[in-house]
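Visitor: Sharing model_0.json below, JSON, C-alpha atoms:
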```
[["chain", "number", "residue", "atom", "x", "y", "z"],
["A", 1, "MET", "CA", 112.21, 101.43, 113.52],
["A", 2, "ILE", "CA", 110.90, 97.94, 112.69],
["A", 3, "GLU", "CA", 112.49, 94.87, 114.13],
["A", 4, "LEU", "CA", 113.02, 92.17, 111.51],
["A", 5, "LYS", "CA", 113.59, 88.65, 112.77],
["A", 6, "ASN", "CA", 114.88, 85.84, 110.59],
["A", 7, "ALA", "CA", 112.95, 82.61, 111.06],
["A", 8, "SER", "CA", 116.02, 80.46, 111.68],
["A", 9, "PRO", "CA", 118.27, 81.21, 113.39],
["A", 10, "ARG", "CA", 116.60, 84.14, 115.15],
["A", 11, "THR", "CA", 118.64, 87.14, 114.10],
["A", 12, "THR", "CA", 117.41, 90.67, 114.58],
["A", 13, "PHE", "CA", 117.86, 93.37, 111.95],
["A", 14, "TYR", "CA", 116.62, 96.95, 112.01],
["A", 15, "LEU", "CA", 114.99, 98.93, 109.25],
["A", 16, "PRO", "CA", 115.89, 102.54, 110.12],
["A", 17, "SER", "CA", 113.19, 104.44, 108.23],
["A", 18, "ALA", "CA", 110.18, 102.51, 109.47],
["A", 19, "PRO", "CA", 107.57, 104.36, 111.54],
["A", 20, "LYS", "CA", 107.18, 102.16, 114.61],
["A", 21, "THR", "CA", 109.28, 100.35, 117.16],
["A", 22, "GLY", "CA", 108.58, 96.92, 118.49],
["A", 23, "VAL", "CA", 106.86, 95.52, 115.38],
["A", 24, "SER", "CA", 108.30, 92.12, 114.51],
["A", 25, "LEU", "CA", 108.41, 90.62, 111.06],
["A", 26, "TYR", "CA", 109.18, 86.96, 110.65],
["A", 27, "ALA", "CA", 110.70, 86.59, 107.25],
["A", 28, "ILE", "CA", 112.32, 83.95, 105.11],
["A", 29, "PRO", "CA", 116.11, 83.63, 104.87],
["A", 30, "GLY", "CA", 117.67, 86.38, 102.76],
["A", 31, "ILE", "CA", 116.03, 89.17, 104.72],
["A", 32, "VAL", "CA", 119.30, 91.09, 105.02],
["A", 33, "GLU", "CA", 119.44, 91.70, 101.27],
["A", 34, "ARG", "CA", 115.75, 92.57, 101.20],
["A", 35, "GLN", "CA", 116.18, 94.91, 104.16],
["A", 36, "LYS", "CA", 118.93, 96.84, 102.41],
["A", 37, "THR", "CA", 116.85, 97.10, 99.26],
["A", 38, "SER", "CA", 113.64, 98.01, 101.10],
["A", 39, "THR", "CA", 115.42, 100.72, 103.10],
["A", 40, "PHE", "CA", 116.83, 102.15, 99.87],
["A", 41, "ILE", "CA", 113.41, 102.08, 98.19],
["A", 42, "LEU", "CA", 111.75, 103.75, 101.18],
["A", 43, "GLN", "CA", 114.37, 106.50, 101.28],
["A", 44, "LYS", "CA", 114.15, 107.18, 97.54],
["A", 45, "CYS", "CA", 110.34, 107.22, 97.55],
["A", 46, "LEU", "CA", 110.25, 109.61, 100.49],
["A", 47, "LYS", "CA", 112.64, 111.92, 98.69],
["A", 48, "HIS", "CA", 110.88, 111.61, 95.31],
["A", 49, "PHE", "CA", 107.44, 112.39, 96.72],
["A", 50, "ASP", "CA", 108.88, 114.95, 99.15],
["A", 51, "ILE", "CA", 106.76, 113.72, 102.06],
["A", 52, "SER", "CA", 107.51, 112.79, 105.65],
["A", 53, "GLU", "CA", 107.55, 109.25, 107.02],
["A", 54, "GLU", "CA", 104.52, 110.13, 109.15],
["A", 55, "LYS", "CA", 102.49, 110.96, 106.07],
["A", 56, "LEU", "CA", 103.69, 107.98, 104.01],
["A", 57, "PHE", "CA", 103.11, 105.49, 106.82],
["A", 58, "GLY", "CA", 100.03, 107.23, 108.22],
["A", 59, "SER", "CA", 96.36, 107.00, 107.37],
["A", 60, "SER", "CA", 95.89, 110.18, 105.33],
["A", 61, "ARG", "CA", 93.39, 109.85, 102.47],
["A", 62, "LYS", "CA", 94.75, 112.79, 100.45],
["A", 63, "ALA", "CA", 95.20, 111.72, 96.82],
["A", 64, "ASP", "CA", 98.88, 112.65, 96.58],
["A", 65, "ILE", "CA", 99.70, 110.74, 99.77],
["A", 66, "ILE", "CA", 97.71, 107.70, 98.62],
["A", 67, "ILE", "CA", 99.56, 107.63, 95.30],
["A", 68, "ALA", "CA", 102.92, 107.84, 97.08],
["A", 69, "ARG", "CA", 101.92, 105.13, 99.56],
["A", 70, "HIS", "CA", 100.60, 102.78, 96.86],
["A", 71, "ILE", "CA", 103.62, 103.23, 94.59],
["A", 72, "THR", "CA", 106.01, 102.62, 97.49],
["A", 73, "MET", "CA", 104.10, 99.47, 98.47],
["A", 74, "TRP", "CA", 104.17, 98.32, 94.83],
["A", 75, "PHE", "CA", 107.94, 98.78, 94.61],
["A", 76, "LEU", "CA", 108.48, 96.87, 97.87],
["A", 77, "LEU", "CA", 106.34, 94.02, 96.54],
["A", 78, "THR", "CA", 107.88, 93.88, 93.07],
["A", 79, "ARG", "CA", 111.52, 94.79, 93.74],
["A", 80, "CYS", "CA", 112.04, 93.23, 97.15],
["A", 81, "LYS", "CA", 109.63, 90.32, 96.70],
["A", 82, "MET", "CA", 108.24, 91.06, 100.15],
["A", 83, "THR", "CA", 105.01, 89.46, 101.29],
["A", 84, "LEU", "CA", 101.79, 91.43, 101.52],
["A", 85, "THR", "CA", 101.86, 91.02, 105.31],
["A", 86, "ALA", "CA", 105.48, 92.23, 105.60],
["A", 87, "VAL", "CA", 104.74, 95.36, 103.57],
["A", 88, "GLY", "CA", 101.62, 95.99, 105.65],
["A", 89, "GLU", "CA", 103.67, 95.79, 108.85],
["A", 90, "ILE", "CA", 106.14, 98.37, 107.51],
["A", 91, "PHE", "CA", 103.22, 100.67, 106.82],
["A", 92, "GLY", "CA", 102.02, 100.76, 110.39],
["A", 93, "GLY", "CA", 100.35, 97.36, 110.64],
["A", 94, "LYS", "CA", 98.10, 97.69, 107.62],
["A", 95, "ASP", "CA", 96.20, 94.54, 106.67],
["A", 96, "HIS", "CA", 97.52, 92.42, 103.79],
["A", 97, "THR", "CA", 94.32, 93.13, 101.84],
["A", 98, "THR", "CA", 95.09, 96.86, 101.98],
["A", 99, "VAL", "CA", 98.49, 96.17, 100.41],
["A", 100, "LEU", "CA", 96.88, 93.90, 97.82],
["A", 101, "ASN", "CA", 94.45, 96.69, 96.95],
["A", 102, "ALA", "CA", 97.37, 99.12, 96.53],
["A", 103, "LYS", "CA", 99.17, 96.66, 94.25],
["A", 104, "ARG", "CA", 96.08, 96.15, 92.09],
["A", 105, "SER", "CA", 95.44, 99.89, 91.96],
["A", 106, "ILE", "CA", 98.94, 100.58, 90.61],
["A", 107, "GLU", "CA", 98.76, 97.71, 88.13],
["A", 108, "ASP", "CA", 95.42, 99.03, 86.86],
["A", 109, "GLN", "CA", 96.96, 102.48, 86.34],
["A", 110, "LEU", "CA", 99.93, 100.95, 84.52],
["A", 111, "SER", "CA", 97.65, 99.03, 82.16],
["A", 112, "LEU", "CA", 95.96, 102.21, 80.90],
["A", 113, "LYS", "CA", 97.08, 103.34, 77.46],
["A", 114, "HIS", "CA", 97.34, 107.04, 78.24],
["A", 115, "ASN", "CA", 100.09, 108.58, 80.30],
["A", 116, "ASN", "CA", 99.07, 109.33, 83.84],
["A", 117, "GLN", "CA", 100.60, 110.55, 87.08],
["A", 118, "VAL", "CA", 101.33, 107.03, 88.35],
["A", 119, "LYS", "CA", 103.22, 106.07, 85.18],
["A", 120, "MET", "CA", 105.31, 109.23, 85.37],
["A", 121, "HIS", "CA", 106.24, 108.60, 89.01],
["A", 122, "ILE", "CA", 107.13, 104.97, 88.32],
["A", 123, "ARG", "CA", 109.25, 105.89, 85.28],
["A", 124, "HIS", "CA", 111.21, 108.40, 87.35],
["A", 125, "LEU", "CA", 111.63, 106.02, 90.30],
["A", 126, "ASN", "CA", 112.75, 103.20, 87.99],
["A", 127, "VAL", "CA", 115.65, 105.41, 86.91],
["A", 128, "ILE", "CA", 116.83, 106.10, 90.47],
["A", 129, "LEU", "CA", 116.09, 102.66, 91.90]]
```
What does the file become when written as structure tokens?

Guide:
Amino acid sequence: MIELKNASPRTTFYLPSAPKTGVSLYAIPGIVERQKTSTFILQKCLKHFDISEEKLFGSSRKADIIIARHITMWFLLTRCKMTLTAVGEIFGGKDHTTVLNAKRSIEDQLSLKHNNQVKMHIRHLNVIL
């Protein structure tokens, strides 16, 4: 569970499907709406990819886990308008450059003309999100 704190006034919210406890995120006002959306996205991505939270938020380098992790990060960035740092914190304290790399990786895959695994996952998730 991740503790989300609003910058002013200090209000604490909890994101139930996050992997760690005691990690604080200082976010801009409107975090409640983003929290609801991010929780929904996390739940749907976990179900779509049929993986556990430990695998999604962990450090596995298996290709299928990396794709799931990168797509989930991309959705949190694009749908929730979360910062790179905030997404990194959700994913176990990953650095913002790791999240930026994930975002660029997905955008590169989306720019390819041929259909690929990433495009198929994103099309399906767009329907349910």

Visitor: Expressed in Å to a single decimal, how great is the separation between CA of Thr97 in chain A and CA of Ser111 in chain A?

Guide: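 The value is 20.8 Å.
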
Visitor: Out of A:Arg69, A:His96, A:Lys55, A:Lys62, which residue has the shortest atom-to-atom distance to Met82 in chain A when counting all atoms listed in the file?

Guide: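 With all atoms listed in the file as the atom set, the closest residue is A:His96.
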
Visitor: What lies within 9 Å of Gln117 in chain A using all atoms listed in the file, ignoring chain neighbours under 5 positions off, as a list in words?

Guide: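 Close residues of Gln117 in chain A: Ile67, Gln109 and Ile122 of chain A.
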
Visitor: In Å, how far is it from CA of Arg61 in chain A to CA of Ala102 in chain A?

Guide: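 For CA of Arg61 in chain A relative to CA of Ala102 in chain A, the distance reads 12.9 Å.
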
Visitor: What is the distance between CA of His124 in chain A and CA of Gly93 in chain A, in Å to one decimal?

Guide: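 Between CA of His124 in chain A and CA of Gly93 in chain A the gap works out to 28.0 Å.
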
Visitor: For Lys94 in chain A, which residue among A:Gly58, A:Leu77, A:Ala68, A:Cys45 is the nearest when counting all atoms listed in the file?

Guide: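 Looking at the shortest contact to Lys94 in chain A, the residue is A:Gly58.
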
Visitor: Taking all atoms listed in the file into account, name the residue in A:Ala63, A:Asn101, A:Leu129, A:Gly88 that is nearest to Gln43 in chain A.

Guide: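 For Gln43 in chain A, the nearest of the given residues is A:Leu129.
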
Visitor: Could you name the residues that touch range 103-105 of chain A at 9 Å or less, counting only C-alpha atoms, but leaving out those on the same chain fewer than 6 positions away, as an MDAnalysis selection string?

Guide: chainID A and resid 70:71 73:74 77

Visitor: Complete the atoms of range 73-97 of chain A to N, CA, C and O atoms and put them out as a PDB file, keeping the file's coordinate frame.

Guide:
```pdb
ATOM      1  N   MET A  73     104.476 100.859  98.185  1.00  0.00           N
ATOM      2  CA  MET A  73     104.100  99.470  98.470  1.00  0.00           C
ATOM      3  C   MET A  73     104.355  98.592  97.250  1.00  0.00           C
ATOM      4  O   MET A  73     104.891  97.483  97.374  1.00  0.00           O
ATOM      5  N   TRP A  74     103.990  99.088  96.069  1.00  0.00           N
ATOM      6  CA  TRP A  74     104.170  98.320  94.830  1.00  0.00           C
ATOM      7  C   TRP A  74     105.639  98.018  94.582  1.00  0.00           C
ATOM      8  O   TRP A  74     106.001  96.891  94.235  1.00  0.00           O
ATOM      9  N   PHE A  75     106.509  99.019  94.793  1.00  0.00           N
ATOM     10  CA  PHE A  75     107.940  98.780  94.610  1.00  0.00           C
ATOM     11  C   PHE A  75     108.472  97.774  95.625  1.00  0.00           C
ATOM     12  O   PHE A  75     109.297  96.927  95.287  1.00  0.00           O
ATOM     13  N   LEU A  76     108.022  97.832  96.864  1.00  0.00           N
ATOM     14  CA  LEU A  76     108.480  96.870  97.870  1.00  0.00           C
ATOM     15  C   LEU A  76     108.035  95.450  97.487  1.00  0.00           C
ATOM     16  O   LEU A  76     108.787  94.491  97.676  1.00  0.00           O
ATOM     17  N   LEU A  77     106.846  95.329  96.954  1.00  0.00           N
ATOM     18  CA  LEU A  77     106.340  94.020  96.540  1.00  0.00           C
ATOM     19  C   LEU A  77     107.082  93.491  95.313  1.00  0.00           C
ATOM     20  O   LEU A  77     107.457  92.313  95.266  1.00  0.00           O
ATOM     21  N   THR A  78     107.305  94.356  94.328  1.00  0.00           N
ATOM     22  CA  THR A  78     107.880  93.880  93.070  1.00  0.00           C
ATOM     23  C   THR A  78     109.403  93.822  93.084  1.00  0.00           C
ATOM     24  O   THR A  78     109.980  92.900  92.521  1.00  0.00           O
ATOM     25  N   ARG A  79     110.052  94.775  93.731  1.00  0.00           N
ATOM     26  CA  ARG A  79     111.520  94.790  93.740  1.00  0.00           C
ATOM     27  C   ARG A  79     112.108  93.924  94.845  1.00  0.00           C
ATOM     28  O   ARG A  79     113.133  93.282  94.653  1.00  0.00           O
ATOM     29  N   CYS A  80     111.491  93.954  96.004  1.00  0.00           N
ATOM     30  CA  CYS A  80     112.040  93.230  97.150  1.00  0.00           C
ATOM     31  C   CYS A  80     111.420  91.848  97.326  1.00  0.00           C
ATOM     32  O   CYS A  80     111.871  91.074  98.163  1.00  0.00           O
ATOM     33  N   LYS A  81     110.352  91.594  96.584  1.00  0.00           N
ATOM     34  CA  LYS A  81     109.630  90.320  96.700  1.00  0.00           C
ATOM     35  C   LYS A  81     109.164  90.087  98.142  1.00  0.00           C
ATOM     36  O   LYS A  81     109.179  88.969  98.644  1.00  0.00           O
ATOM     37  N   MET A  82     108.756  91.165  98.792  1.00  0.00           N
ATOM     38  CA  MET A  82     108.240  91.060 100.150  1.00  0.00           C
ATOM     39  C   MET A  82     106.820  90.526 100.111  1.00  0.00           C
ATOM     40  O   MET A  82     106.124  90.672  99.110  1.00  0.00           O
ATOM     41  N   THR A  83     106.389  89.937 101.202  1.00  0.00           N
ATOM     42  CA  THR A  83     105.010  89.460 101.290  1.00  0.00           C
ATOM     43  C   THR A  83     104.075  90.627 101.547  1.00  0.00           C
ATOM     44  O   THR A  83     104.493  91.692 102.017  1.00  0.00           O
ATOM     45  N   LEU A  84     102.803  90.412 101.264  1.00  0.00           N
ATOM     46  CA  LEU A  84     101.790  91.430 101.520  1.00  0.00           C
ATOM     47  C   LEU A  84     101.780  91.797 103.003  1.00  0.00           C
ATOM     48  O   LEU A  84     101.687  92.978 103.367  1.00  0.00           O
ATOM     49  N   THR A  85     101.883  90.799 103.860  1.00  0.00           N
ATOM     50  CA  THR A  85     101.860  91.020 105.310  1.00  0.00           C
ATOM     51  C   THR A  85     103.076  91.837 105.755  1.00  0.00           C
ATOM     52  O   THR A  85     102.945  92.758 106.570  1.00  0.00           O
ATOM     53  N   ALA A  86     104.258  91.513 105.217  1.00  0.00           N
ATOM     54  CA  ALA A  86     105.480  92.230 105.600  1.00  0.00           C
ATOM     55  C   ALA A  86     105.395  93.700 105.198  1.00  0.00           C
ATOM     56  O   ALA A  86     105.755  94.589 105.978  1.00  0.00           O
ATOM     57  N   VAL A  87     104.890  93.972 104.009  1.00  0.00           N
ATOM     58  CA  VAL A  87     104.740  95.360 103.570  1.00  0.00           C
ATOM     59  C   VAL A  87     103.718  96.075 104.448  1.00  0.00           C
ATOM     60  O   VAL A  87     103.924  97.212 104.864  1.00  0.00           O
ATOM     61  N   GLY A  88     102.629  95.406 104.774  1.00  0.00           N
ATOM     62  CA  GLY A  88     101.620  95.990 105.650  1.00  0.00           C
ATOM     63  C   GLY A  88     102.177  96.346 107.012  1.00  0.00           C
ATOM     64  O   GLY A  88     101.844  97.396 107.576  1.00  0.00           O
ATOM     65  N   GLU A  89     103.044  95.509 107.555  1.00  0.00           N
ATOM     66  CA  GLU A  89     103.670  95.790 108.850  1.00  0.00           C
ATOM     67  C   GLU A  89     104.556  97.032 108.777  1.00  0.00           C
ATOM     68  O   GLU A  89     104.563  97.842 109.693  1.00  0.00           O
ATOM     69  N   ILE A  90     105.295  97.186 107.676  1.00  0.00           N
ATOM     70  CA  ILE A  90     106.140  98.370 107.510  1.00  0.00           C
ATOM     71  C   ILE A  90     105.285  99.623 107.499  1.00  0.00           C
ATOM     72  O   ILE A  90     105.668 100.658 108.035  1.00  0.00           O
ATOM     73  N   PHE A  91     104.112  99.518 106.923  1.00  0.00           N
ATOM     74  CA  PHE A  91     103.220 100.670 106.820  1.00  0.00           C
ATOM     75  C   PHE A  91     102.267 100.776 108.000  1.00  0.00           C
ATOM     76  O   PHE A  91     101.087 101.070 107.859  1.00  0.00           O
ATOM     77  N   GLY A  92     102.777 100.531 109.173  1.00  0.00           N
ATOM     78  CA  GLY A  92     102.020 100.760 110.390  1.00  0.00           C
ATOM     79  C   GLY A  92     101.012  99.689 110.734  1.00  0.00           C
ATOM     80  O   GLY A  92     100.005  99.964 111.379  1.00  0.00           O
ATOM     81  N   GLY A  93     101.245  98.461 110.293  1.00  0.00           N
ATOM     82  CA  GLY A  93     100.350  97.360 110.640  1.00  0.00           C
ATOM     83  C   GLY A  93      99.117  97.273 109.758  1.00  0.00           C
ATOM     84  O   GLY A  93      98.097  96.736 110.161  1.00  0.00           O
ATOM     85  N   LYS A  94      99.229  97.779 108.537  1.00  0.00           N
ATOM     86  CA  LYS A  94      98.100  97.690 107.620  1.00  0.00           C
ATOM     87  C   LYS A  94      97.855  96.228 107.246  1.00  0.00           C
ATOM     88  O   LYS A  94      98.770  95.426 107.176  1.00  0.00           O
ATOM     89  N   ASP A  95      96.599  95.894 107.021  1.00  0.00           N
ATOM     90  CA  ASP A  95      96.200  94.540 106.670  1.00  0.00           C
ATOM     91  C   ASP A  95      96.756  94.160 105.297  1.00  0.00           C
ATOM     92  O   ASP A  95      96.934  95.023 104.433  1.00  0.00           O
ATOM     93  N   HIS A  96      96.986  92.861 105.081  1.00  0.00           N
ATOM     94  CA  HIS A  96      97.520  92.420 103.790  1.00  0.00           C
ATOM     95  C   HIS A  96      96.570  92.743 102.638  1.00  0.00           C
ATOM     96  O   HIS A  96      96.994  92.967 101.511  1.00  0.00           O
ATOM     97  N   THR A  97      95.263  92.805 102.907  1.00  0.00           N
ATOM     98  CA  THR A  97      94.320  93.130 101.840  1.00  0.00           C
ATOM     99  C   THR A  97      94.439  94.593 101.413  1.00  0.00           C
ATOM    100  O   THR A  97      94.177  94.925 100.259  1.00  0.00           O
TER     101      THR A  97
END
```
